[in-house]
>>> print(open('run33.txt').read())   # compact mmCIF, N, CA and C atoms
# COMPACT_ATOMS: atom_id res chain seq x y z
N MET A 1 100.82 -126.65 -65.22
CA MET A 1 101.22 -127.00 -66.57
C MET A 1 102.01 -128.31 -66.55
N ARG A 2 101.60 -129.20 -67.44
CA ARG A 2 102.31 -130.47 -67.58
C ARG A 2 103.31 -130.39 -68.71
N LYS A 3 104.34 -131.21 -68.64
CA LYS A 3 105.33 -131.22 -69.71
C LYS A 3 104.71 -131.69 -71.01
N ARG A 4 105.06 -131.02 -72.10
CA ARG A 4 104.60 -131.42 -73.43
C ARG A 4 105.80 -131.53 -74.35
N LYS A 5 105.78 -132.53 -75.21
CA LYS A 5 106.86 -132.73 -76.16
C LYS A 5 106.28 -133.11 -77.51
N ILE A 6 107.07 -132.92 -78.55
CA ILE A 6 106.66 -133.28 -79.90
C ILE A 6 107.61 -134.36 -80.40
N GLY A 7 107.03 -135.41 -80.99
CA GLY A 7 107.84 -136.51 -81.50
C GLY A 7 107.17 -137.19 -82.67
N VAL A 8 107.82 -138.23 -83.17
CA VAL A 8 107.34 -138.98 -84.32
C VAL A 8 107.00 -140.40 -83.88
N VAL A 9 105.85 -140.90 -84.34
CA VAL A 9 105.42 -142.25 -84.00
C VAL A 9 106.31 -143.24 -84.74
N VAL A 10 106.92 -144.16 -83.99
CA VAL A 10 107.81 -145.17 -84.54
C VAL A 10 107.08 -146.50 -84.71
N SER A 11 106.18 -146.82 -83.77
CA SER A 11 105.47 -148.09 -83.82
C SER A 11 104.05 -147.90 -83.32
N ASP A 12 103.09 -148.58 -83.98
CA ASP A 12 101.69 -148.52 -83.54
C ASP A 12 101.10 -149.93 -83.49
N LYS A 13 101.92 -150.93 -83.21
CA LYS A 13 101.48 -152.32 -83.25
C LYS A 13 100.73 -152.76 -82.00
N MET A 14 100.86 -152.02 -80.91
CA MET A 14 100.18 -152.40 -79.67
C MET A 14 98.79 -151.78 -79.61
N ASN A 15 97.94 -152.35 -78.77
CA ASN A 15 96.58 -151.85 -78.61
C ASN A 15 96.59 -150.67 -77.65
N LYS A 16 96.10 -149.51 -78.09
CA LYS A 16 96.01 -148.28 -77.30
C LYS A 16 97.37 -147.75 -76.84
N THR A 17 98.44 -148.17 -77.49
CA THR A 17 99.78 -147.70 -77.14
C THR A 17 100.57 -147.47 -78.42
N VAL A 18 101.31 -146.37 -78.46
CA VAL A 18 102.23 -146.11 -79.56
C VAL A 18 103.60 -145.79 -78.97
N VAL A 19 104.64 -146.04 -79.75
CA VAL A 19 106.00 -145.70 -79.35
C VAL A 19 106.39 -144.45 -80.11
N VAL A 20 106.82 -143.42 -79.37
CA VAL A 20 107.16 -142.13 -79.96
C VAL A 20 108.64 -141.85 -79.73
N LYS A 21 109.31 -141.40 -80.79
CA LYS A 21 110.72 -141.04 -80.72
C LYS A 21 110.83 -139.53 -80.62
N ILE A 22 111.48 -139.06 -79.57
CA ILE A 22 111.67 -137.63 -79.35
C ILE A 22 113.15 -137.32 -79.54
N SER A 23 113.46 -136.44 -80.48
CA SER A 23 114.85 -136.07 -80.77
C SER A 23 115.14 -134.67 -80.27
N ASN A 24 116.38 -134.46 -79.82
CA ASN A 24 116.80 -133.12 -79.45
C ASN A 24 118.31 -132.99 -79.66
N TYR A 25 118.75 -131.76 -79.81
CA TYR A 25 120.16 -131.47 -79.98
C TYR A 25 120.73 -130.97 -78.66
N THR A 26 121.89 -131.50 -78.29
CA THR A 26 122.58 -131.02 -77.10
C THR A 26 124.03 -130.76 -77.45
N LYS A 27 124.63 -129.86 -76.76
CA LYS A 27 126.04 -129.53 -76.99
C LYS A 27 126.90 -130.40 -76.08
N HIS A 28 127.94 -131.00 -76.64
CA HIS A 28 128.86 -131.82 -75.86
C HIS A 28 129.62 -130.91 -74.89
N PRO A 29 129.71 -131.29 -73.61
CA PRO A 29 130.31 -130.39 -72.63
C PRO A 29 131.79 -130.09 -72.86
N LEU A 30 132.53 -131.04 -73.41
CA LEU A 30 133.96 -130.82 -73.61
C LEU A 30 134.29 -130.34 -75.03
N TYR A 31 133.71 -131.00 -76.03
CA TYR A 31 134.08 -130.72 -77.41
C TYR A 31 133.22 -129.66 -78.09
N LYS A 32 132.14 -129.24 -77.44
CA LYS A 32 131.26 -128.17 -77.93
C LYS A 32 130.61 -128.48 -79.27
N LYS A 33 130.56 -129.73 -79.64
CA LYS A 33 129.91 -130.14 -80.89
C LYS A 33 128.47 -130.53 -80.56
N TYR A 34 127.56 -130.19 -81.46
CA TYR A 34 126.16 -130.53 -81.24
C TYR A 34 125.92 -131.99 -81.59
N ILE A 35 125.22 -132.68 -80.70
CA ILE A 35 124.95 -134.10 -80.85
C ILE A 35 123.45 -134.30 -80.87
N ARG A 36 122.96 -135.16 -81.76
CA ARG A 36 121.54 -135.49 -81.80
C ARG A 36 121.29 -136.67 -80.87
N LYS A 37 120.44 -136.47 -79.89
CA LYS A 37 120.06 -137.55 -78.97
C LYS A 37 118.58 -137.82 -79.16
N SER A 38 118.18 -139.07 -78.96
CA SER A 38 116.77 -139.40 -79.11
C SER A 38 116.34 -140.33 -77.98
N THR A 39 115.07 -140.24 -77.64
CA THR A 39 114.47 -141.05 -76.58
C THR A 39 113.20 -141.68 -77.12
N ARG A 40 112.99 -142.95 -76.80
CA ARG A 40 111.76 -143.63 -77.19
C ARG A 40 110.87 -143.75 -75.95
N ILE A 41 109.63 -143.29 -76.06
CA ILE A 41 108.70 -143.37 -74.93
C ILE A 41 107.42 -144.08 -75.37
N TYR A 42 106.77 -144.72 -74.41
CA TYR A 42 105.49 -145.37 -74.65
C TYR A 42 104.39 -144.38 -74.32
N VAL A 43 103.46 -144.23 -75.25
CA VAL A 43 102.43 -143.19 -75.14
C VAL A 43 101.05 -143.83 -75.26
N HIS A 44 100.12 -143.39 -74.43
CA HIS A 44 98.75 -143.90 -74.45
C HIS A 44 97.96 -143.22 -75.57
N ASP A 45 97.37 -144.04 -76.44
CA ASP A 45 96.55 -143.56 -77.56
C ASP A 45 95.19 -144.23 -77.44
N GLU A 46 94.26 -143.56 -76.79
CA GLU A 46 92.96 -144.16 -76.44
C GLU A 46 92.18 -144.67 -77.64
N LYS A 47 92.17 -143.93 -78.74
CA LYS A 47 91.32 -144.29 -79.88
C LYS A 47 92.08 -145.00 -81.00
N ASN A 48 93.32 -145.35 -80.79
CA ASN A 48 94.15 -146.00 -81.81
C ASN A 48 94.17 -145.19 -83.11
N GLU A 49 94.32 -143.88 -83.01
CA GLU A 49 94.29 -143.00 -84.18
C GLU A 49 95.65 -142.83 -84.84
N CYS A 50 96.72 -142.86 -84.06
CA CYS A 50 98.05 -142.53 -84.57
C CYS A 50 98.63 -143.67 -85.40
N LYS A 51 99.27 -143.30 -86.50
CA LYS A 51 99.91 -144.27 -87.38
C LYS A 51 101.41 -143.97 -87.44
N THR A 52 102.18 -144.95 -87.86
CA THR A 52 103.63 -144.81 -87.95
C THR A 52 104.00 -143.66 -88.89
N GLY A 53 104.95 -142.84 -88.45
CA GLY A 53 105.43 -141.72 -89.26
C GLY A 53 104.76 -140.40 -88.96
N GLU A 54 103.67 -140.38 -88.21
CA GLU A 54 102.97 -139.14 -87.91
C GLU A 54 103.68 -138.38 -86.79
N LYS A 55 103.55 -137.06 -86.83
CA LYS A 55 104.08 -136.20 -85.79
C LYS A 55 102.99 -135.97 -84.75
N VAL A 56 103.30 -136.15 -83.47
CA VAL A 56 102.29 -136.01 -82.41
C VAL A 56 102.83 -135.15 -81.27
N MET A 57 101.89 -134.54 -80.53
CA MET A 57 102.23 -133.84 -79.31
C MET A 57 101.78 -134.72 -78.15
N VAL A 58 102.67 -134.94 -77.18
CA VAL A 58 102.37 -135.80 -76.04
C VAL A 58 102.49 -134.99 -74.75
N GLU A 59 101.78 -135.46 -73.73
CA GLU A 59 101.76 -134.75 -72.45
C GLU A 59 101.99 -135.75 -71.33
N LEU A 60 102.74 -135.33 -70.32
CA LEU A 60 103.02 -136.16 -69.16
C LEU A 60 101.75 -136.34 -68.34
N THR A 61 101.52 -137.56 -67.86
CA THR A 61 100.33 -137.85 -67.08
C THR A 61 100.68 -138.83 -65.96
N ARG A 62 99.69 -139.24 -65.21
CA ARG A 62 99.94 -140.21 -64.14
C ARG A 62 100.37 -141.55 -64.75
N PRO A 63 101.01 -142.42 -63.99
CA PRO A 63 101.39 -143.73 -64.53
C PRO A 63 100.17 -144.54 -64.95
N LEU A 64 100.15 -144.96 -66.20
CA LEU A 64 99.04 -145.74 -66.73
C LEU A 64 99.35 -147.23 -66.77
N SER A 65 100.63 -147.58 -66.81
CA SER A 65 101.07 -148.97 -66.76
C SER A 65 102.52 -148.97 -66.31
N LYS A 66 103.18 -150.09 -66.48
CA LYS A 66 104.58 -150.19 -66.04
C LYS A 66 105.48 -149.18 -66.77
N LEU A 67 105.25 -148.98 -68.05
CA LEU A 67 106.10 -148.11 -68.85
C LEU A 67 105.43 -146.83 -69.36
N LYS A 68 104.10 -146.78 -69.38
CA LYS A 68 103.40 -145.63 -69.97
C LYS A 68 103.21 -144.51 -68.95
N ARG A 69 103.76 -143.33 -69.30
CA ARG A 69 103.61 -142.14 -68.46
C ARG A 69 103.16 -140.95 -69.29
N TRP A 70 102.90 -141.13 -70.57
CA TRP A 70 102.55 -140.06 -71.49
C TRP A 70 101.26 -140.39 -72.20
N ARG A 71 100.57 -139.37 -72.71
CA ARG A 71 99.36 -139.58 -73.52
C ARG A 71 99.39 -138.63 -74.71
N VAL A 72 98.71 -139.03 -75.76
CA VAL A 72 98.66 -138.23 -76.98
C VAL A 72 97.69 -137.08 -76.78
N ILE A 73 98.13 -135.87 -77.08
CA ILE A 73 97.26 -134.70 -77.03
C ILE A 73 96.63 -134.46 -78.39
N ARG A 74 97.46 -134.39 -79.43
CA ARG A 74 96.94 -134.19 -80.78
C ARG A 74 97.99 -134.59 -81.80
N ARG A 75 97.50 -134.83 -83.00
CA ARG A 75 98.39 -135.11 -84.13
C ARG A 75 98.72 -133.80 -84.82
N ILE A 76 99.95 -133.65 -85.25
CA ILE A 76 100.39 -132.44 -85.92
C ILE A 76 100.58 -132.76 -87.39
N ASP A 77 99.91 -132.02 -88.26
CA ASP A 77 100.00 -132.28 -89.70
C ASP A 77 100.98 -131.34 -90.36
>>> encode(input="run33.txt", output="structure tokens")
Amino acid sequence: MRKRKIGVVVSDKMNKTVVVKISNYTKHPLYKKYIRKSTRIYVHDEKNECKTGEKVMVELTRPLSKLKRWRVIRRID
């Protein structure tokens, strides 16, 4: 099983690549307050289907370029 995450497409300006923002909540170790953290990852989109604002599921894969380690599995409506 490969890692899968759900995120929102932030940018689709590159060819066959989209930038996806993945947000999660974590508890601060000292203050016990929940903090929203987010990560931006470069994702391979073979057919250039994803548009900005869409929710997508991504999966970890072999390195495809210097920064791309993820690929789009499906769009979530």
>>> residues_around(input="run33.txt", residues="region 69-73 of chain A", least_positions_apart="5", cutoff="8 Å", atoms="only N, CA and C atoms", output="list in words")
Ile41, Tyr42, Val43, His44, Asp45, Glu46, Val56, Met57, Val58, Glu59, Leu60, Thr61, Arg62, Pro63 and Leu64 of chain A
>>> write_last_selection(input="run33.txt", atoms="N, CA and C atoms", output="short mmCIF file (atom, residue, chain, number, x, y, z; two decimals), keeping the file's coordinate frame")
data_model
loop_
_atom_site.label_atom_id
_atom_site.label_comp_id
_atom_site.auth_asym_id
_atom_site.auth_seq_id
_atom_site.Cartn_x
_atom_site.Cartn_y
_atom_site.Cartn_z
N ILE A 41 109.63 -143.29 -76.06
CA ILE A 41 108.70 -143.37 -74.93
C ILE A 41 107.42 -144.08 -75.37
N TYR A 42 106.77 -144.72 -74.41
CA TYR A 42 105.49 -145.37 -74.65
C TYR A 42 104.39 -144.38 -74.32
N VAL A 43 103.46 -144.23 -75.25
CA VAL A 43 102.43 -143.19 -75.14
C VAL A 43 101.05 -143.83 -75.26
N HIS A 44 100.12 -143.39 -74.43
CA HIS A 44 98.75 -143.90 -74.45
C HIS A 44 97.96 -143.22 -75.57
N ASP A 45 97.37 -144.04 -76.44
CA ASP A 45 96.55 -143.56 -77.56
C ASP A 45 95.19 -144.23 -77.44
N GLU A 46 94.26 -143.56 -76.79
CA GLU A 46 92.96 -144.16 -76.44
C GLU A 46 92.18 -144.67 -77.64
N VAL A 56 103.30 -136.15 -83.47
CA VAL A 56 102.29 -136.01 -82.41
C VAL A 56 102.83 -135.15 -81.27
N MET A 57 101.89 -134.54 -80.53
CA MET A 57 102.23 -133.84 -79.31
C MET A 57 101.78 -134.72 -78.15
N VAL A 58 102.67 -134.94 -77.18
CA VAL A 58 102.37 -135.80 -76.04
C VAL A 58 102.49 -134.99 -74.75
N GLU A 59 101.78 -135.46 -73.73
CA GLU A 59 101.76 -134.75 -72.45
C GLU A 59 101.99 -135.75 -71.33
N LEU A 60 102.74 -135.33 -70.32
CA LEU A 60 103.02 -136.16 -69.16
C LEU A 60 101.75 -136.34 -68.34
N THR A 61 101.52 -137.56 -67.86
CA THR A 61 100.33 -137.85 -67.08
C THR A 61 100.68 -138.83 -65.96
N ARG A 62 99.69 -139.24 -65.21
CA ARG A 62 99.94 -140.21 -64.14
C ARG A 62 100.37 -141.55 -64.75
N PRO A 63 101.01 -142.42 -63.99
CA PRO A 63 101.39 -143.73 -64.53
C PRO A 63 100.17 -144.54 -64.95
N LEU A 64 100.15 -144.96 -66.20
CA LEU A 64 99.04 -145.74 -66.73
C LEU A 64 99.35 -147.23 -66.77
#
>>> atom_distance(input="run33.txt", atom1="atom N of Met14 (chain A)", atom2="CA of Lys68 (chain A)")
12.9 Å
>>> closest_residue(input="run33.txt", among="A:Ser38, A:Arg75, A:Asn48, A:Lys21", to="Val9 (chain A)", atoms="all atoms listed in the file")
A:Lys21
>>> atom_distance(input="run33.txt", atom1="CA of His28 (chain A)", atom2="CA of Arg2 (chain A)")
27.8 Å
>>> atom_distance(input="run33.txt", atom1="atom C of Tyr25 (chain A)", atom2="CA of Thr39 (chain A)")
12.0 Å
>>> residues_around(input="run33.txt", residues="Lys37 (chain A)", least_positions_apart="6", cutoff="6 Å", atoms="all atoms listed in the file", output="short mmCIF file (atom, residue, chain, number, x, y, z; two decimals) with N, CA and C atoms, in the coordinates of the input")
data_model
loop_
_atom_site.label_atom_id
_atom_site.label_comp_id
_atom_site.auth_asym_id
_atom_site.auth_seq_id
_atom_site.Cartn_x
_atom_site.Cartn_y
_atom_site.Cartn_z
N ILE A 22 111.48 -139.06 -79.57
CA ILE A 22 111.67 -137.63 -79.35
C ILE A 22 113.15 -137.32 -79.54
N SER A 23 113.46 -136.44 -80.48
CA SER A 23 114.85 -136.07 -80.77
C SER A 23 115.14 -134.67 -80.27
N ASN A 24 116.38 -134.46 -79.82
CA ASN A 24 116.80 -133.12 -79.45
C ASN A 24 118.31 -132.99 -79.66
N TYR A 25 118.75 -131.76 -79.81
CA TYR A 25 120.16 -131.47 -79.98
C TYR A 25 120.73 -130.97 -78.66
N THR A 26 121.89 -131.50 -78.29
CA THR A 26 122.58 -131.02 -77.10
C THR A 26 124.03 -130.76 -77.45
#
>>> select_by_dssp(input="run33.txt", residues="chain A", states="strand (DSSP E or B)", output="PyMOL selection string")
chain A and resi 4-14+17-27+34-44+55-60+70-76
>>> closest_residue(input="run33.txt", among="A:Lys33, A:Lys47, A:Lys55, A:Lys66", to="Ile6 (chain A)", atoms="all atoms listed in the file")
A:Lys55
>>> axis_aligned_box(input="run33.txt", around="region 46-63 of chain A", padding_each_side="8 Å", output="JSON")
{"center_x": 98.4, "center_y": -139.9, "center_z": -76.6, "size_x": 30.1, "size_y": 28.2, "size_z": 41.3}
>>> closest_residue(input="run33.txt", among="A:Asp77, A:Tyr34, A:Leu67, A:Gly53", to="Gly7 (chain A)", atoms="all atoms listed in the file")
A:Gly53
